[in-house]
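Participant: Supplied structure: protein-v4.cif, mmCIF, C-alpha atoms.
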```cif
data_final
#
loop_
_atom_site.label_atom_id
_atom_site.label_comp_id
_atom_site.auth_asym_id
_atom_site.auth_seq_id
_atom_site.Cartn_x
_atom_site.Cartn_y
_atom_site.Cartn_z
CA MET B 1 -52.56 52.72 21.74
CA SER B 2 -49.02 54.09 21.71
CA ASP B 3 -47.82 50.78 23.13
CA ILE B 4 -48.87 48.85 20.02
CA ILE B 5 -45.97 47.62 17.95
CA LEU B 6 -46.64 46.19 14.52
CA SER B 7 -44.46 43.74 12.67
CA MET B 8 -43.91 44.54 9.01
CA GLY B 9 -46.36 41.82 8.09
CA ALA B 10 -48.94 43.26 10.47
CA ALA B 11 -48.41 46.75 9.03
CA ARG B 12 -49.04 45.41 5.53
CA ALA B 13 -52.15 43.58 6.72
CA LEU B 14 -53.50 46.75 8.34
CA HIS B 15 -52.88 48.74 5.17
CA LEU B 16 -54.58 46.14 2.99
CA GLY B 17 -57.48 45.82 5.41
CA ALA B 18 -58.10 49.56 5.22
CA GLN B 19 -57.94 49.43 1.43
CA GLY B 20 -60.37 46.52 1.12
CA LEU B 21 -57.69 44.14 -0.17
CA LEU B 22 -57.25 41.79 2.77
CA GLN B 23 -59.44 38.83 1.87
CA PRO B 24 -61.56 37.68 -1.10
CA ARG B 25 -65.11 38.96 -1.09
CA ARG B 26 -67.68 36.59 0.35
CA ARG B 27 -70.57 37.90 -1.73
CA LYS B 28 -71.13 39.12 -5.24
CA ALA B 29 -70.75 42.87 -5.68
CA VAL B 30 -73.80 45.09 -5.94
CA GLN B 31 -73.90 48.58 -7.42
CA ALA B 32 -73.65 50.34 -4.05
CA ASP B 33 -70.29 48.64 -3.47
CA VAL B 34 -68.70 50.90 -6.10
CA MET B 35 -69.30 54.03 -4.03
CA ASP B 36 -68.42 52.21 -0.80
CA ALA B 37 -65.04 51.23 -2.25
CA ILE B 38 -64.34 54.75 -3.51
CA ARG B 39 -65.26 56.28 -0.17
CA ARG B 40 -62.96 53.79 1.53
CA MET B 41 -60.08 54.91 -0.70
CA SER B 42 -61.23 58.57 -0.55
CA VAL B 43 -60.37 59.07 -4.24
CA LEU B 44 -60.15 56.89 -7.36
CA GLN B 45 -57.40 57.90 -9.75
CA ILE B 46 -58.19 58.17 -13.47
CA ASP B 47 -55.92 57.09 -16.31
CA THR B 48 -56.82 56.54 -19.95
CA ILE B 49 -54.40 53.75 -20.96
CA ASN B 50 -56.50 50.77 -21.99
CA VAL B 51 -54.20 47.87 -22.87
CA VAL B 52 -56.21 46.22 -20.10
CA ALA B 53 -59.26 47.75 -18.43
CA ARG B 54 -58.65 51.43 -17.73
CA SER B 55 -57.22 52.03 -14.30
CA PRO B 56 -60.30 53.16 -12.33
CA TYR B 57 -62.25 50.10 -13.46
CA LEU B 58 -59.33 47.78 -12.63
CA VAL B 59 -58.83 49.32 -9.17
CA LEU B 60 -62.46 48.55 -8.38
CA TRP B 61 -62.20 45.02 -9.82
CA SER B 62 -59.25 44.29 -7.52
CA ARG B 63 -61.55 45.00 -4.57
CA LEU B 64 -64.98 43.95 -5.84
CA GLY B 65 -64.24 41.06 -8.16
CA ASP B 66 -66.39 40.72 -11.26
CA TYR B 67 -68.75 43.68 -11.60
CA PRO B 68 -70.20 45.63 -14.55
CA SER B 69 -67.89 48.54 -15.31
CA GLU B 70 -70.97 50.55 -16.27
CA TRP B 71 -71.66 50.98 -12.56
CA LEU B 72 -68.78 53.46 -12.31
CA ASP B 73 -70.04 55.37 -15.35
CA ALA B 74 -73.50 55.51 -13.79
CA ALA B 75 -72.16 56.92 -10.52
CA LEU B 76 -70.72 59.89 -12.43
CA VAL B 77 -73.87 60.46 -14.50
CA GLU B 78 -76.10 60.21 -11.44
CA GLY B 79 -74.03 62.76 -9.55
CA GLU B 80 -72.61 60.47 -6.86
CA LEU B 81 -69.12 61.35 -8.08
CA PHE B 82 -67.37 64.34 -9.55
CA GLU B 83 -63.99 64.66 -11.23
CA TYR B 84 -61.17 66.89 -10.10
CA TRP B 85 -57.48 67.01 -9.28
CA ALA B 86 -56.82 65.11 -6.04
CA HIS B 87 -53.88 62.69 -6.02
CA GLU B 88 -54.01 63.31 -9.76
CA ALA B 89 -57.16 63.39 -11.89
CA CYS B 90 -59.63 61.45 -9.76
CA PHE B 91 -63.22 60.44 -9.26
CA ILE B 92 -64.24 61.84 -5.87
CA PRO B 93 -67.44 61.37 -3.84
CA ARG B 94 -69.73 64.33 -4.49
CA GLU B 95 -70.07 65.14 -0.79
CA ASP B 96 -66.34 66.01 -0.76
CA TYR B 97 -66.65 68.77 -3.37
CA GLY B 98 -66.08 71.45 -0.73
CA LEU B 99 -62.69 69.94 0.15
CA TYR B 100 -61.42 70.80 -3.33
CA ARG B 101 -63.15 74.11 -3.89
CA HIS B 102 -60.16 76.08 -2.57
CA ARG B 103 -58.03 74.58 -5.35
CA MET B 104 -60.52 75.75 -7.96
CA LEU B 105 -60.50 79.27 -6.56
CA ASP B 106 -56.68 79.37 -6.62
CA PRO B 107 -55.97 77.58 -9.92
CA SER B 108 -52.67 79.36 -10.50
CA ALA B 109 -51.24 77.15 -7.76
CA MET B 110 -52.13 74.02 -9.75
CA GLY B 111 -48.99 74.04 -11.90
CA TRP B 112 -49.27 72.79 -15.49
CA LYS B 113 -52.98 72.07 -15.01
CA TYR B 114 -53.80 75.77 -15.35
CA SER B 115 -52.41 78.66 -17.38
CA ALA B 116 -53.14 82.22 -16.30
CA ASN B 117 -51.41 83.42 -19.49
CA TRP B 118 -53.77 81.35 -21.62
CA MET B 119 -56.80 82.70 -19.80
CA ARG B 120 -55.55 86.27 -20.23
CA GLU B 121 -54.32 86.05 -23.83
CA ARG B 122 -57.30 84.00 -25.05
CA ALA B 123 -59.95 85.72 -22.93
CA GLY B 124 -62.26 86.31 -25.87
CA GLU B 125 -62.05 82.70 -27.08
CA VAL B 126 -62.58 81.36 -23.57
CA ALA B 127 -65.62 83.57 -23.07
CA ALA B 128 -67.02 82.46 -26.43
CA LEU B 129 -66.55 78.81 -25.48
CA LEU B 130 -68.39 79.31 -22.20
CA ALA B 131 -71.21 81.10 -24.05
CA HIS B 132 -71.41 78.21 -26.53
CA ILE B 133 -71.76 75.67 -23.70
CA ARG B 134 -74.33 77.83 -21.94
CA THR B 135 -76.42 78.05 -25.09
CA HIS B 136 -75.89 74.69 -26.75
CA GLY B 137 -75.15 72.39 -23.82
CA PRO B 138 -72.28 70.03 -22.89
CA VAL B 139 -69.33 69.49 -25.23
CA ARG B 140 -66.40 67.17 -25.77
CA SER B 141 -63.06 68.37 -27.09
CA SER B 142 -63.68 66.11 -30.12
CA ASP B 143 -66.63 68.36 -31.01
CA PHE B 144 -64.11 70.94 -32.23
CA GLU B 145 -61.99 70.45 -35.33
CA ARG B 146 -58.27 71.13 -35.15
CA SER B 147 -57.48 74.22 -37.20
CA ASP B 148 -53.89 75.03 -36.19
CA GLY B 149 -52.20 72.35 -38.29
CA LYS B 150 -50.55 70.65 -35.34
CA ALA B 151 -50.57 66.90 -34.85
CA GLY B 152 -51.98 66.71 -31.34
CA GLY B 153 -50.41 65.04 -28.33
CA TRP B 154 -50.30 65.93 -24.66
CA TRP B 155 -48.55 69.29 -25.12
CA GLU B 156 -50.13 70.06 -28.48
CA TRP B 157 -53.79 70.19 -27.44
CA LYS B 158 -56.03 72.10 -29.80
CA PRO B 159 -57.03 75.51 -28.41
CA GLU B 160 -60.53 74.43 -27.41
CA LYS B 161 -59.16 71.49 -25.43
CA ARG B 162 -56.76 73.76 -23.56
CA SER B 163 -59.57 76.19 -22.80
CA LEU B 164 -61.83 73.39 -21.60
CA GLU B 165 -59.11 72.12 -19.30
CA VAL B 166 -58.26 75.46 -17.72
CA LEU B 167 -61.97 76.14 -17.22
CA PHE B 168 -62.29 72.71 -15.61
CA THR B 169 -59.33 73.37 -13.29
CA SER B 170 -60.78 76.75 -12.31
CA GLY B 171 -64.11 75.12 -11.46
CA ALA B 172 -66.14 76.97 -14.10
CA LEU B 173 -66.76 73.65 -15.88
CA MET B 174 -67.31 70.18 -14.48
CA ILE B 175 -67.45 66.75 -16.07
CA ALA B 176 -71.09 65.80 -16.58
CA ARG B 177 -70.31 62.30 -17.84
CA ARG B 178 -67.90 60.44 -20.10
CA HIS B 179 -68.59 59.18 -23.60
CA ASN B 180 -66.22 56.39 -24.69
CA PHE B 181 -64.19 57.66 -21.74
CA GLN B 182 -63.92 61.15 -23.26
CA ARG B 183 -64.78 63.96 -20.89
CA VAL B 184 -68.09 65.71 -21.47
CA TYR B 185 -67.84 69.27 -20.08
CA ASP B 186 -70.74 71.34 -18.81
CA LEU B 187 -71.23 74.43 -16.67
CA ALA B 188 -70.56 73.78 -13.01
CA GLU B 189 -73.89 75.31 -12.00
CA ARG B 190 -75.69 72.73 -14.14
CA VAL B 191 -73.67 69.73 -12.95
CA HIS B 192 -73.68 70.74 -9.27
CA PRO B 193 -76.53 73.25 -8.95
CA GLU B 194 -76.92 72.88 -5.20
CA TRP B 195 -73.39 74.07 -4.41
CA ASP B 196 -72.97 77.45 -2.70
CA ASP B 197 -69.52 78.83 -1.83
CA ALA B 198 -70.99 79.96 1.48
CA ARG B 199 -70.76 76.29 2.46
CA MET B 200 -67.03 76.10 1.73
CA PRO B 201 -65.04 75.02 4.80
CA ALA B 202 -62.03 77.00 5.99
CA LEU B 203 -58.76 76.05 4.33
CA THR B 204 -57.20 74.98 7.63
CA ASP B 205 -60.13 72.64 8.24
CA VAL B 206 -59.78 71.23 4.73
CA GLN B 207 -56.09 70.51 5.25
CA ARG B 208 -56.77 68.69 8.52
CA THR B 209 -59.65 66.73 7.01
CA LEU B 210 -57.56 65.59 4.04
CA ALA B 211 -54.74 64.51 6.34
CA LEU B 212 -57.18 62.48 8.43
CA ARG B 213 -58.75 60.99 5.31
CA ALA B 214 -55.33 59.98 4.01
CA VAL B 215 -54.43 58.19 7.23
CA ARG B 216 -57.77 56.42 7.32
CA ALA B 217 -57.45 55.29 3.70
CA LEU B 218 -53.90 54.05 4.25
CA GLY B 219 -54.67 52.17 7.47
CA LEU B 220 -51.40 53.43 8.91
CA ALA B 221 -49.12 56.19 7.74
CA ARG B 222 -45.66 57.54 8.29
CA ALA B 223 -45.75 61.33 8.36
CA HIS B 224 -44.14 61.71 4.95
CA TRP B 225 -46.73 59.45 3.30
CA ILE B 226 -49.67 61.68 4.16
CA PRO B 227 -49.29 64.74 1.85
CA ASP B 228 -48.91 62.63 -1.28
CA TYR B 229 -52.29 60.94 -0.93
CA HIS B 230 -54.30 64.05 -1.86
CA ARG B 231 -51.28 66.02 -3.14
CA THR B 232 -51.68 68.71 -0.51
CA ARG B 233 -49.40 71.73 -0.53
CA ARG B 234 -47.15 73.10 2.18
CA PRO B 235 -47.35 73.84 5.01
CA HIS B 236 -48.41 70.28 5.72
CA VAL B 237 -50.52 69.28 8.69
CA ASP B 238 -48.43 67.78 11.50
CA PRO B 239 -49.88 64.34 12.33
CA ALA B 240 -48.18 64.45 15.72
CA GLN B 241 -50.36 67.43 16.62
CA LEU B 242 -53.46 65.57 15.43
CA ALA B 243 -52.41 62.71 17.71
CA VAL B 244 -52.05 65.14 20.65
CA GLU B 245 -55.61 66.28 19.95
CA GLY B 246 -56.81 62.69 19.96
CA LEU B 247 -57.70 62.72 16.27
CA LEU B 248 -55.04 60.14 15.39
CA LEU B 249 -53.42 57.26 17.25
CA ARG B 250 -49.71 56.53 17.38
CA ALA B 251 -48.04 53.15 16.94
CA ARG B 252 -44.70 51.69 15.92
CA VAL B 253 -43.56 49.39 13.15
CA GLU B 254 -40.62 47.13 13.89
CA GLY B 255 -37.49 48.40 12.16
CA TRP B 256 -38.73 51.98 11.71
CA ASP B 257 -37.48 54.75 13.97
CA ASP B 258 -40.37 57.15 13.31
CA PRO B 259 -43.93 56.55 14.54
CA VAL B 260 -46.88 55.62 12.37
CA TYR B 261 -50.32 57.15 12.70
CA ILE B 262 -53.62 55.29 12.70
CA HIS B 263 -57.12 56.68 12.35
CA PRO B 264 -59.38 55.87 15.33
CA ASP B 265 -61.79 54.21 12.91
CA HIS B 266 -59.16 51.50 12.48
CA ALA B 267 -58.27 51.05 16.15
CA GLU B 268 -59.76 47.57 16.36
CA LEU B 269 -58.29 46.58 13.01
CA ALA B 270 -54.87 47.69 14.28
CA ARG B 271 -55.24 45.58 17.43
CA GLN B 272 -56.13 42.58 15.33
CA ALA B 273 -53.11 43.19 13.12
CA ALA B 274 -50.78 43.54 16.10
CA SER B 275 -52.06 40.28 17.60
CA GLY B 276 -51.54 38.40 14.36
CA ALA B 277 -55.27 37.91 13.80
CA LEU B 278 -55.36 39.83 10.51
CA ALA B 279 -54.36 37.32 7.85
CA PRO B 280 -54.17 38.53 4.22
CA THR B 281 -55.51 35.82 1.92
CA LEU B 282 -56.43 37.74 -1.24
CA THR B 283 -54.47 37.27 -4.45
CA THR B 284 -55.32 39.78 -7.16
CA ILE B 285 -53.89 42.00 -9.88
CA LEU B 286 -53.46 45.71 -9.24
CA SER B 287 -53.49 48.73 -11.47
CA PRO B 288 -50.28 50.80 -11.62
CA PHE B 289 -52.46 53.63 -10.26
CA ASP B 290 -53.87 51.68 -7.33
CA PRO B 291 -53.43 53.53 -4.02
CA VAL B 292 -51.33 50.61 -2.77
CA VAL B 293 -48.59 51.35 -5.31
CA TRP B 294 -49.15 54.87 -6.67
CA ASP B 295 -46.67 56.26 -4.12
CA ARG B 296 -43.58 54.38 -5.32
CA ARG B 297 -41.58 55.31 -2.21
CA ARG B 298 -44.29 53.98 0.09
CA ALA B 299 -44.54 50.75 -1.91
CA LEU B 300 -40.81 50.27 -1.46
CA GLU B 301 -40.84 51.05 2.27
CA LEU B 302 -43.89 48.96 3.11
CA PHE B 303 -43.65 46.07 0.64
CA GLY B 304 -40.03 46.16 -0.53
CA PHE B 305 -41.50 46.56 -4.04
CA ASP B 306 -39.36 48.71 -6.34
CA TYR B 307 -41.89 49.76 -8.96
CA ARG B 308 -41.71 52.04 -11.96
CA LEU B 309 -44.26 52.41 -14.73
CA GLU B 310 -42.44 52.17 -18.06
CA CYS B 311 -45.12 53.21 -20.55
CA TYR B 312 -43.33 56.56 -20.93
CA THR B 313 -39.91 54.88 -21.24
CA PRO B 314 -38.56 54.17 -24.74
CA ALA B 315 -39.16 50.50 -25.54
CA PRO B 316 -35.44 49.50 -25.72
CA LYS B 317 -34.90 50.82 -22.20
CA ARG B 318 -37.83 49.00 -20.55
CA ARG B 319 -36.99 46.34 -18.01
CA TYR B 320 -40.45 44.88 -17.45
CA GLY B 321 -42.75 46.17 -20.20
CA TYR B 322 -45.15 48.89 -21.26
CA PHE B 323 -47.83 48.56 -18.58
CA THR B 324 -46.81 46.09 -15.90
CA LEU B 325 -49.40 45.19 -13.29
CA PRO B 326 -48.37 44.34 -9.71
CA VAL B 327 -49.60 41.01 -8.38
CA LEU B 328 -50.73 41.12 -4.75
CA ARG B 329 -50.47 37.69 -3.18
CA ARG B 330 -51.51 37.10 0.43
CA GLY B 331 -50.07 40.33 1.80
CA ALA B 332 -47.01 40.58 -0.45
CA LEU B 333 -46.37 42.15 -3.82
CA ALA B 334 -44.97 38.94 -5.23
CA ALA B 335 -44.83 39.49 -8.98
CA ARG B 336 -45.66 41.77 -11.87
CA ILE B 337 -47.12 40.93 -15.26
CA ASP B 338 -46.90 42.70 -18.60
CA ALA B 339 -50.39 42.12 -19.95
CA LYS B 340 -52.66 43.13 -22.81
CA ALA B 341 -56.31 42.21 -23.34
CA HIS B 342 -57.15 41.35 -26.94
CA ARG B 343 -60.89 41.66 -26.45
CA ARG B 344 -62.01 40.98 -30.01
CA ALA B 345 -59.90 37.83 -30.20
CA GLY B 346 -60.91 36.79 -26.68
CA VAL B 347 -57.27 36.41 -25.62
CA PHE B 348 -55.66 37.80 -22.48
CA GLU B 349 -51.99 38.08 -23.34
CA VAL B 350 -49.41 37.83 -20.56
CA LYS B 351 -46.30 38.86 -22.42
CA ALA B 352 -44.15 38.22 -19.38
CA VAL B 353 -44.42 37.46 -15.70
CA PHE B 354 -41.68 38.55 -13.31
CA PHE B 355 -41.50 37.08 -9.83
CA GLU B 356 -39.93 39.30 -7.21
CA PRO B 357 -36.44 38.46 -5.95
CA GLY B 358 -36.58 36.18 -2.94
CA VAL B 359 -40.12 34.97 -3.63
CA ARG B 360 -40.39 31.19 -3.39
CA THR B 361 -42.36 30.11 -6.41
CA SER B 362 -44.14 27.25 -4.69
CA ASP B 363 -46.99 25.43 -6.32
CA ALA B 364 -49.38 27.20 -3.95
CA LEU B 365 -48.11 30.59 -5.07
CA LEU B 366 -48.33 29.65 -8.73
CA ARG B 367 -51.90 28.43 -8.23
CA ASP B 368 -52.83 31.71 -6.58
CA VAL B 369 -51.25 33.79 -9.35
CA ALA B 370 -52.83 31.66 -12.07
CA GLY B 371 -56.22 32.02 -10.42
CA ALA B 372 -55.90 35.82 -10.33
CA VAL B 373 -54.87 35.97 -14.00
CA LEU B 374 -57.74 33.70 -15.06
CA ARG B 375 -60.27 35.77 -13.11
CA CYS B 376 -58.93 38.97 -14.65
CA ALA B 377 -59.03 37.45 -18.14
CA ARG B 378 -62.62 36.31 -17.64
CA TRP B 379 -63.66 39.78 -16.46
CA HIS B 380 -62.11 41.20 -19.66
CA GLY B 381 -64.23 38.80 -21.71
CA CYS B 382 -61.21 36.73 -22.69
CA ALA B 383 -61.69 32.97 -22.66
CA GLN B 384 -58.03 32.17 -23.38
CA VAL B 385 -54.70 33.20 -21.91
CA ALA B 386 -51.48 33.46 -23.91
CA LEU B 387 -48.34 33.25 -21.80
CA GLY B 388 -44.92 34.43 -22.94
CA ARG B 389 -41.78 34.34 -20.87
CA SER B 390 -41.27 34.03 -17.14
CA GLU B 391 -38.48 35.34 -14.93
CA PRO B 392 -37.17 33.20 -13.42
CA ALA B 393 -37.92 30.73 -16.20
CA VAL B 394 -38.32 27.57 -14.14
CA PRO B 395 -41.86 28.22 -12.79
CA GLY B 396 -43.09 29.36 -16.21
CA ALA B 397 -43.98 25.90 -17.47
CA ARG B 398 -46.01 25.11 -14.36
CA LEU B 399 -47.75 28.48 -14.52
CA ALA B 400 -48.63 27.87 -18.16
CA GLU B 401 -50.07 24.49 -17.21
CA LEU B 402 -52.22 26.05 -14.49
CA LEU B 403 -53.40 28.76 -16.86
CA GLY B 404 -54.16 26.34 -19.64
CA ALA B 405 -52.27 28.94 -21.63
CA MET B 406 -51.56 28.91 -25.32
CA PRO B 407 -47.83 28.71 -26.02
CA GLY B 408 -46.03 31.95 -26.76
CA ALA B 409 -47.43 35.44 -26.29
CA ALA B 410 -48.25 36.46 -29.82
CA ALA B 411 -51.99 36.89 -29.57
CA ALA B 412 -53.96 37.87 -32.64
#
```
Could I get this file's structure written as structure tokens?
Facilitator:
Amino acid sequence: MSDIILSMGAARALHLGAQGLLQPRRRKAVQADVMDAIRRMSVLQIDTINVVARSPYLVLWSRLGDYPSEWLDAALVEGELFEYWAHEACFIPREDYGLYRHRMLDPSAMGWKYSANWMRERAGEVAALLAHIRTHGPVRSSDFERSDGKAGGWWEWKPEKRSLEVLFTSGALMIARRHNFQRVYDLAERVHPEWDDARMPALTDVQRTLALRAVRALGLARAHWIPDYHRTRRPHVDPAQLAVEGLLLRARVEGWDDPVYIHPDHAELARQAASGALAPTLTTILSPFDPVVWDRRRALELFGFDYRLECYTPAPKRRYGYFTLPVLRRGALAARIDAKAHRRAGVFEVKAVFFEPGVRTSDALLRDVAGAVLRCARWHGCAQVALGRSEPAVPGARLAELLGAMPGAAAA
């Protein structure tokens, strides 16, 4: 397979095919499709911002179309998933627990996610919290009143929240379920009673497995893309060595000097892409934490899409908006929208739409984008769309017409 050369378009098609974003679904989603999609991606990143559907639900919608978001909640409750630090905080298939157990046993290497000083200085409080959970059952951080007079915020967690989080990172606690998307913590032996550390694979095997999983999830991968997918630490696995062992295939992308690596599971998909038989036809809206765009460098190299999430940027300095969503259109990241779902009012507000430089805003493209926005609005339970400004401005009027949008973007 080393003789296969992929055009940039073919490389994008292969990536989207591996991610389940190549073509619209031909059938309505069923509950099992949730786990199938997560296994395909390997991990599903979690984020709590909810100006539109929270990220994990939106990532699944991009692939499954309309589906009940409760299906994801049920997968966690029923033990098909567990939560831990992968790319970041992620839902992970339960059968992969052993791949992350080494991180739990070496939590000091997890950076800000764990504090050895906290565990040492607050040992009595931590032990008391564990005893409380053992006796009284699962808890949320909201079960404990703040008593230190501080206002809260990411770096001002109340003591119980900090203790819960370090115990979670160390593997002593797991997430049994979520209530209104708040974590519900319980003892690991109650959430995953069948686990035995005697089953834990060797660290070298884990590193190789995660590298192979990353390549499979990506469809194709440059060497420097691979460690980011599961946030693995150095020394990184050399994909060239995996190719020598026959565990990965090598190919080339036109314009890149370095090779790309392809998982054997995608050999036929890669041949189809190289022959031009893999045509992306899906238009959809992506979460900022979708695997397609969560590695900003990869999104730039593969799609020419220069993407930054500005929710942590002061409002006067934002270029695109608080929570802009990439628009995938037939194999290209063609636009981004700054959106907010006003669920009670039944209005999906598109504050602004920005078409990428060089994108020809044909009527066909505008129809595709309008269709994706309308589908997303409907899934959010919003019967109306409010459209604000468009950059460039010229296609805005036609887009508004296709959306049947209310004028302006000031939704109630």
Participant: Give the answer as one residue: which of B:Ile49, B:Leu130, B:Leu105, B:Leu269 has the shortest atom-to-atom distance to Leu309 in chain B, using only C-alpha atoms?
Facilitator: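 That would be B:Ile49, the residue with the smallest distance to Leu309 in chain B.
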Participant: Nearest residue to Ala334 in chain B out of B:Leu286, B:Cys311, B:Cys382, B:Ala405, using all atoms listed in the file?
Facilitator: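 Under the stated criterion, the closest residue is B:Leu286.
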Participant: Apply the PyMOL selection byres ((chain B and resi 331) around 9) to the structure shown and report the selected residues as a list in words.
Facilitator: Gly9, Arg12, Ala13, Leu16, Leu21, Leu22, Ala279, Pro280, Thr281, Leu282, Thr283, Phe303, Leu328, Arg329, Arg330, Ala332, Leu333 and Ala334 of chain B
Participant: Nearest to Leu6 in chain B among B:Trp379, B:Tyr312, B:Tyr97, B:Tyr261, with distances taken over only C-alpha atoms: which residue is it?
Facilitator: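 Of all the options, B:Tyr261 lies closest to Leu6 in chain B.
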Participant: What's around Thr361 in chain B at 10 Å? Count all atoms listed in the file, leave out sequence neighbours fewer than 4 positions away in its own chain, and write the answer as a list in words.
Facilitator: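 The filter keeps Ala334, Phe355, Glu356, Leu365, Leu366, Arg367, Pro392, Val394, Pro395, Gly396 and Leu399 of chain B.
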Participant: Would you compute the distance between CA of Leu278 in chain B and CA of Leu14 in chain B? Give it in Å to one decimal.
Facilitator: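 So the two atoms, CA of Leu278 in chain B and CA of Leu14 in chain B, lie 7.5 Å apart.
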Participant: Could you tell me, as a PyMOL selection string, exactly which residues end up selected when the PyMOL selection byres ((chain B and resi 41) around 9) is applied to this structure?
Facilitator: chain B and resi 18-20+36-40+42-44+213-214+216-218+291
Participant: Keeping only C-alpha atoms, write those residues as a PDB file, in the coordinates of the input.
Facilitator:
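Final output, saved to selection.pdb:
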```pdb
ATOM      1  CA  ALA B  18     -58.100  49.560   5.220  1.00  0.00           C
ATOM      2  CA  GLN B  19     -57.940  49.430   1.430  1.00  0.00           C
ATOM      3  CA  GLY B  20     -60.370  46.520   1.120  1.00  0.00           C
ATOM      4  CA  ASP B  36     -68.420  52.210  -0.800  1.00  0.00           C
ATOM      5  CA  ALA B  37     -65.040  51.230  -2.250  1.00  0.00           C
ATOM      6  CA  ILE B  38     -64.340  54.750  -3.510  1.00  0.00           C
ATOM      7  CA  ARG B  39     -65.260  56.280  -0.170  1.00  0.00           C
ATOM      8  CA  ARG B  40     -62.960  53.790   1.530  1.00  0.00           C
ATOM      9  CA  SER B  42     -61.230  58.570  -0.550  1.00  0.00           C
ATOM     10  CA  VAL B  43     -60.370  59.070  -4.240  1.00  0.00           C
ATOM     11  CA  LEU B  44     -60.150  56.890  -7.360  1.00  0.00           C
ATOM     12  CA  ARG B 213     -58.750  60.990   5.310  1.00  0.00           C
ATOM     13  CA  ALA B 214     -55.330  59.980   4.010  1.00  0.00           C
ATOM     14  CA  ARG B 216     -57.770  56.420   7.320  1.00  0.00           C
ATOM     15  CA  ALA B 217     -57.450  55.290   3.700  1.00  0.00           C
ATOM     16  CA  LEU B 218     -53.900  54.050   4.250  1.00  0.00           C
ATOM     17  CA  PRO B 291     -53.430  53.530  -4.020  1.00  0.00           C
TER      18      PRO B 291
END
```
Participant: Please indicate the distance in Å from CA of Leu164 in chain B to CA of Gln207 in chain B, rounded to one decimal place.
Facilitator: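 That distance, rounded to one decimal, is 27.6 Å.
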Participant: Rank B:Gly381, B:Pro193, B:Pro24, B:Gly124 by their smallest atom-to-atom distance to Ser163 in chain B, using only C-alpha atoms, and report the top residue only.
Facilitator: B:Gly124
Participant: Between CA of Val52 in chain B and CA of Ala345 in chain B, what is the spacing in Å?
Facilitator: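 If I compute the distance from CA of Ala345 in chain B to CA of Val52 in chain B, I get 13.6 Å.
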Participant: Written as a VMD selection string, what is the full residue list that the PyMOL selection byres ((chain B and resi 230) around 7) yields on the file shown?
Facilitator: chain B and resid 86 to 87 210 227 to 229 231 to 232
Participant: Please dump the current selection as a short mmCIF file (atom, residue, chain, number, x, y, z; two decimals), in the coordinates of the input; keep C-alpha atoms.
Facilitator:
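result_9.cif was written with the following content:
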```cif
data_model
loop_
_atom_site.label_atom_id
_atom_site.label_comp_id
_atom_site.auth_asym_id
_atom_site.auth_seq_id
_atom_site.Cartn_x
_atom_site.Cartn_y
_atom_site.Cartn_z
CA ALA B 86 -56.82 65.11 -6.04
CA HIS B 87 -53.88 62.69 -6.02
CA LEU B 210 -57.56 65.59 4.04
CA PRO B 227 -49.29 64.74 1.85
CA ASP B 228 -48.91 62.63 -1.28
CA TYR B 229 -52.29 60.94 -0.93
CA ARG B 231 -51.28 66.02 -3.14
CA THR B 232 -51.68 68.71 -0.51
#
```
Participant: Write out as a PDB file with C-alpha atoms, in the coordinates of the input each polymer residue whose atoms come within 12 Å of Trp256 in chain B, counting all atoms listed in the file; drop sequence neighbours fewer than 3 positions from it.
Facilitator:
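Output saved as part.pdb:
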```pdb
ATOM      1  CA  ILE B   5     -45.970  47.620  17.950  1.00  0.00           C
ATOM      2  CA  LEU B   6     -46.640  46.190  14.520  1.00  0.00           C
ATOM      3  CA  SER B   7     -44.460  43.740  12.670  1.00  0.00           C
ATOM      4  CA  MET B   8     -43.910  44.540   9.010  1.00  0.00           C
ATOM      5  CA  ALA B  11     -48.410  46.750   9.030  1.00  0.00           C
ATOM      6  CA  ALA B 221     -49.120  56.190   7.740  1.00  0.00           C
ATOM      7  CA  ARG B 222     -45.660  57.540   8.290  1.00  0.00           C
ATOM      8  CA  ALA B 251     -48.040  53.150  16.940  1.00  0.00           C
ATOM      9  CA  ARG B 252     -44.700  51.690  15.920  1.00  0.00           C
ATOM     10  CA  VAL B 253     -43.560  49.390  13.150  1.00  0.00           C
ATOM     11  CA  PRO B 259     -43.930  56.550  14.540  1.00  0.00           C
ATOM     12  CA  VAL B 260     -46.880  55.620  12.370  1.00  0.00           C
ATOM     13  CA  GLU B 301     -40.840  51.050   2.270  1.00  0.00           C
ATOM     14  CA  LEU B 302     -43.890  48.960   3.110  1.00  0.00           C
TER      15      LEU B 302
END
```
Participant: For range 174-187 of chain B, find every residue with an atom within 6 Å (counting all atoms listed in the file), except residues of its own chain fewer than 5 positions away, and show them as a ChimeraX atom specification.
Facilitator: /B:76-77,138-140,168
Participant: Please provide the set of residues having any atom within 12 Å of Leu129 in chain B, restricted to only C-alpha atoms, with same-chain residues fewer than 2 positions apart removed, written as a ChimeraX atom specification.
Facilitator: /B:119,122-127,131-141,143-144,159-167,172-173,185-187
Participant: Given 4 Å on each side, where is the centre and what are the edge lengths in Å to one decimal of the axis-aligned box enclosing the listed atoms of range 200-210 of chain B, as lines of an AutoDock Vina configuration file?
Facilitator:
```
center_x = -61.6
center_y = 71.3
center_z = 5.1
size_x = 18.9
size_y = 19.4
size_z = 14.8
```
Participant: Might you pull out every residue within 8 Å of Asp47 in chain B, with all atoms listed in the file counted and same-chain residues fewer than 5 positions away left off, and present them as a PyMOL selection string?
Facilitator: chain B and resi 54-56+89+289
Participant: With C-alpha atoms retained, could you export that selection as a short mmCIF file (atom, residue, chain, number, x, y, z; two decimals), in the coordinates of the input?
Facilitator:
```cif
data_model
loop_
_atom_site.label_atom_id
_atom_site.label_comp_id
_atom_site.auth_asym_id
_atom_site.auth_seq_id
_atom_site.Cartn_x
_atom_site.Cartn_y
_atom_site.Cartn_z
CA ARG B 54 -58.65 51.43 -17.73
CA SER B 55 -57.22 52.03 -14.30
CA PRO B 56 -60.30 53.16 -12.33
CA ALA B 89 -57.16 63.39 -11.89
CA PHE B 289 -52.46 53.63 -10.26
#
```
